[in-house]
Amino acid sequence: MYKYDAIDRQLINERVEQFRDQVSRWQAGELADDEFRPLRLQNGLYIQRHAPMFRIAVPYGMLNSAQLRRMAHVARKYDRGYGHFTTRHNLQLNWPKIEDVPDILAELAEVEMHAIQTSGNCLRNITTDQFAGVAADEIIDTRPLAEILRQWTTFHPEFAFLPRKFKIAISGTEQDRAVTWFHDIGLHLKVVDGQVGFTVIVGGGLGRTPIRGEVVRDFLPWQDILTYCEAILRVYNRAGRRDNAYKARIKILVQALGVEAFAKLVEEEWAHGKGGPATITQSEYDRIAAHFTAPAYESPGDTVLPEEKAFRRWVDRCRQPHKVAGYTAVTLSLKAHGVAPGDITSDQMEVVADLADQYSFGELRISHEQNIILADVKQADLYAVWQIAKENGLATPNIGLLTSMICCPGGDFCDLANAKSIPIATAIQARFDNLDYLFDIGEIDLNISGCMNACGHHHVGHIGVLGVDKNNDEFYQVTLGGRQGYQARLGKVIGPSFAANEMPDVVEKIISVYLEQRSDEERFLDTFDRIGIDPFKNRVYEGRAHGKAKAADKETA
Ligand code: HEM
Ligand code: SF4
């Protein structure tokens, strides 16, 4: 994986000292809260419900065992011994003290980690496929380009104060595991006449106004991604709204202008930068790509896996096809029943780091589904990995199943929440705790957000749950049929919202319609696409008075 050079190291160390000085000037009253705010935000520091919330970047989701051990140490020493993996390749700590953050940053910098631009109105952490470099279906390994994008976006002087946050995702497979349709810029691989490039998608996003992005350029050669993104960002920086935070994202600008007019402005701007110094040369690509060479794979040959039922279940759900014969990528579930989705304790982080050292060349990945991945495990080692993972609560065999939910921290931690989301996840997990039943139900993405900001990706869940506020009470709106991947689509609101204690029943009713109506091999989504939303609606609202549509339900319709 990428190793810092002297420039990276200097940048990061200087940044730690700069922030240390900013914190002490703020403590001394020399910086007002308003002045300090953008400075702390650009270093990943929010002020939240109970304490500051601190967000650490895991660029394009890749880290090594030493980095994970350091995160474990930081969470133990400065926080409450656990962290929360988010949907954007970040780890959040919920309880640090502001005055400790410079020390935390200094400890992170020693292992080449930081929190730069993990919040604030700037270019955020670059995200990609968690299986980049190892997936059997991959056409190109996106990690070198993601690293080039990381370097280009870090401290980009022109884009430090954008109208609003800005997120770029890059995908190198046909299928797309990076949610490219729902980013400010999505780069989705396209090969034309043997030339590698990207379809450029712009103006997607979830949040208050969920919009599937639009194609702004059908094919862009890979060498041009920086100059072209620069042109998009210039147009946005110039024309994006700054008068209203809710209308400031690029998606609003693209919608207001129409994608053709927007594309025209981008092309005009690009005419100035195209072919300029930010064009990626083959030698620069090769220099960065040299950091991502394949580890020393052996030729393990075929392995006969033990028959043990529990082990087989785990293998079925948690193993991902690998491009090298005899190897596999293993997803360690952070969705054990009764645990907040995405949470991981310091002890577990250390176990995972040891697993990576022993069985996966010391490297790890974080998925936007809030799980952690050992990308290079020999099939022959699966049983040993499973046993250790199981002993440590990391082998719930539920990847892709109903209980492997995406869930934001919601009202338990987040100041912006309309409703709690973790207890809803826990209640649904408790209701569906029978593994045979879960396996029978099959693939379902259930995504939960505590408010319309959509941090839990509820719009793209097959079943989406959104916390809404009604007269200061917590209610939940349900969407169906959303999906990620290259066929990504927003879910449809099913109708009036539900009280918290109704939610396990509601989900159960939705599932029961599917189980009754499915034909042989149909997944939940296939059945939904075939029969539409009405049968689900009818079952869920059976016996309830219709028509009491609630004001808050309009938000994401
Ligand atoms: C507790 C601290 C958090 C705060 C204050 C916060 C705040 C926000 C806000 C205000 C938005 C809406 C942005 C907009 O539309 O302009 C948003 C979007 C988002 N956040 Fe969070 N968030 C927090 C935690 C998280 C967590 C824990 C996750 C992942 C589980 C996350 C991932 C995202 C994602 C994926 C979006 C999607 C919307 C988009 O940009 O299209 N955030 N967040
Ligand atoms: S969706 Fe809302 S409640 Fe959940 S983390 Fe985001 S801002 Fe907070």
# chains A, B, ... in the order shown; residues from 1 in each chain; ligands from 1
>>> residues_near_ligand(ligand="ligand 2", cutoff="12 Å", atoms="only C-alpha atoms and all ligand atoms", output="ChimeraX atom specification")
/A:46-49,53,84-88,92,94,206-208,406-422,447-459,465-469,474
>>> select_by_dssp(residues="region 52-139 of chain A", states="helix (DSSP H, G or I)", output="ChimeraX atom specification")
/A:59-61,65-78,98-110
>>> atom_distance(atom1="CA of Glu298 (chain A)", atom2="CA of Ser367 (chain A)")
25.9 Å
>>> select_by_dssp(residues="region 44-180 of chain A", states="strand (DSSP E or B)", output="number ranges by chain")
A: 45-47, 52-57, 62-64, 82-85, 90-93, 123, 127-128, 135, 138, 166, 168-171, 173
>>> residues_around(residues="region 240-250 of chain A", least_positions_apart="2", cutoff="10 Å", atoms="only C-alpha atoms", output="compact mmCIF listing (two decimals) with C-alpha atoms, in the first residue's frame")
# COMPACT_ATOMS: atom_id res chain seq x y z
CA ASN A 121 -16.72 22.58 3.02
CA LEU A 162 -16.22 25.41 -1.41
CA PRO A 163 -19.91 26.29 -1.11
CA ARG A 164 -20.38 22.89 0.60
CA LYS A 165 -18.71 19.53 1.15
CA PHE A 166 -17.56 17.64 -1.92
CA HIS A 183 -21.49 11.33 -5.16
CA ASP A 184 -20.72 14.89 -6.17
CA ILE A 185 -18.43 13.33 -8.74
CA VAL A 202 -21.88 14.59 -11.49
CA GLY A 203 -24.38 16.01 -9.04
CA GLY A 204 -25.46 12.86 -7.27
CA GLY A 205 -26.02 12.75 -3.54
CA GLY A 207 -29.14 13.84 2.07
CA ARG A 208 -32.11 16.17 2.20
CA THR A 209 -32.49 16.27 -1.59
CA ILE A 232 -16.08 20.79 -12.58
CA LEU A 233 -14.96 22.17 -9.24
CA ARG A 234 -14.21 25.59 -10.73
CA VAL A 235 -17.68 25.84 -12.20
CA TYR A 236 -19.16 24.77 -8.86
CA ASN A 237 -16.93 27.07 -6.82
CA ARG A 238 -17.96 30.00 -9.00
CA ILE A 252 -28.59 21.65 -6.79
CA LEU A 253 -26.50 23.61 -9.28
CA VAL A 254 -26.58 20.78 -11.82
CA GLN A 255 -30.36 20.52 -11.46
CA ALA A 256 -30.82 24.28 -11.71
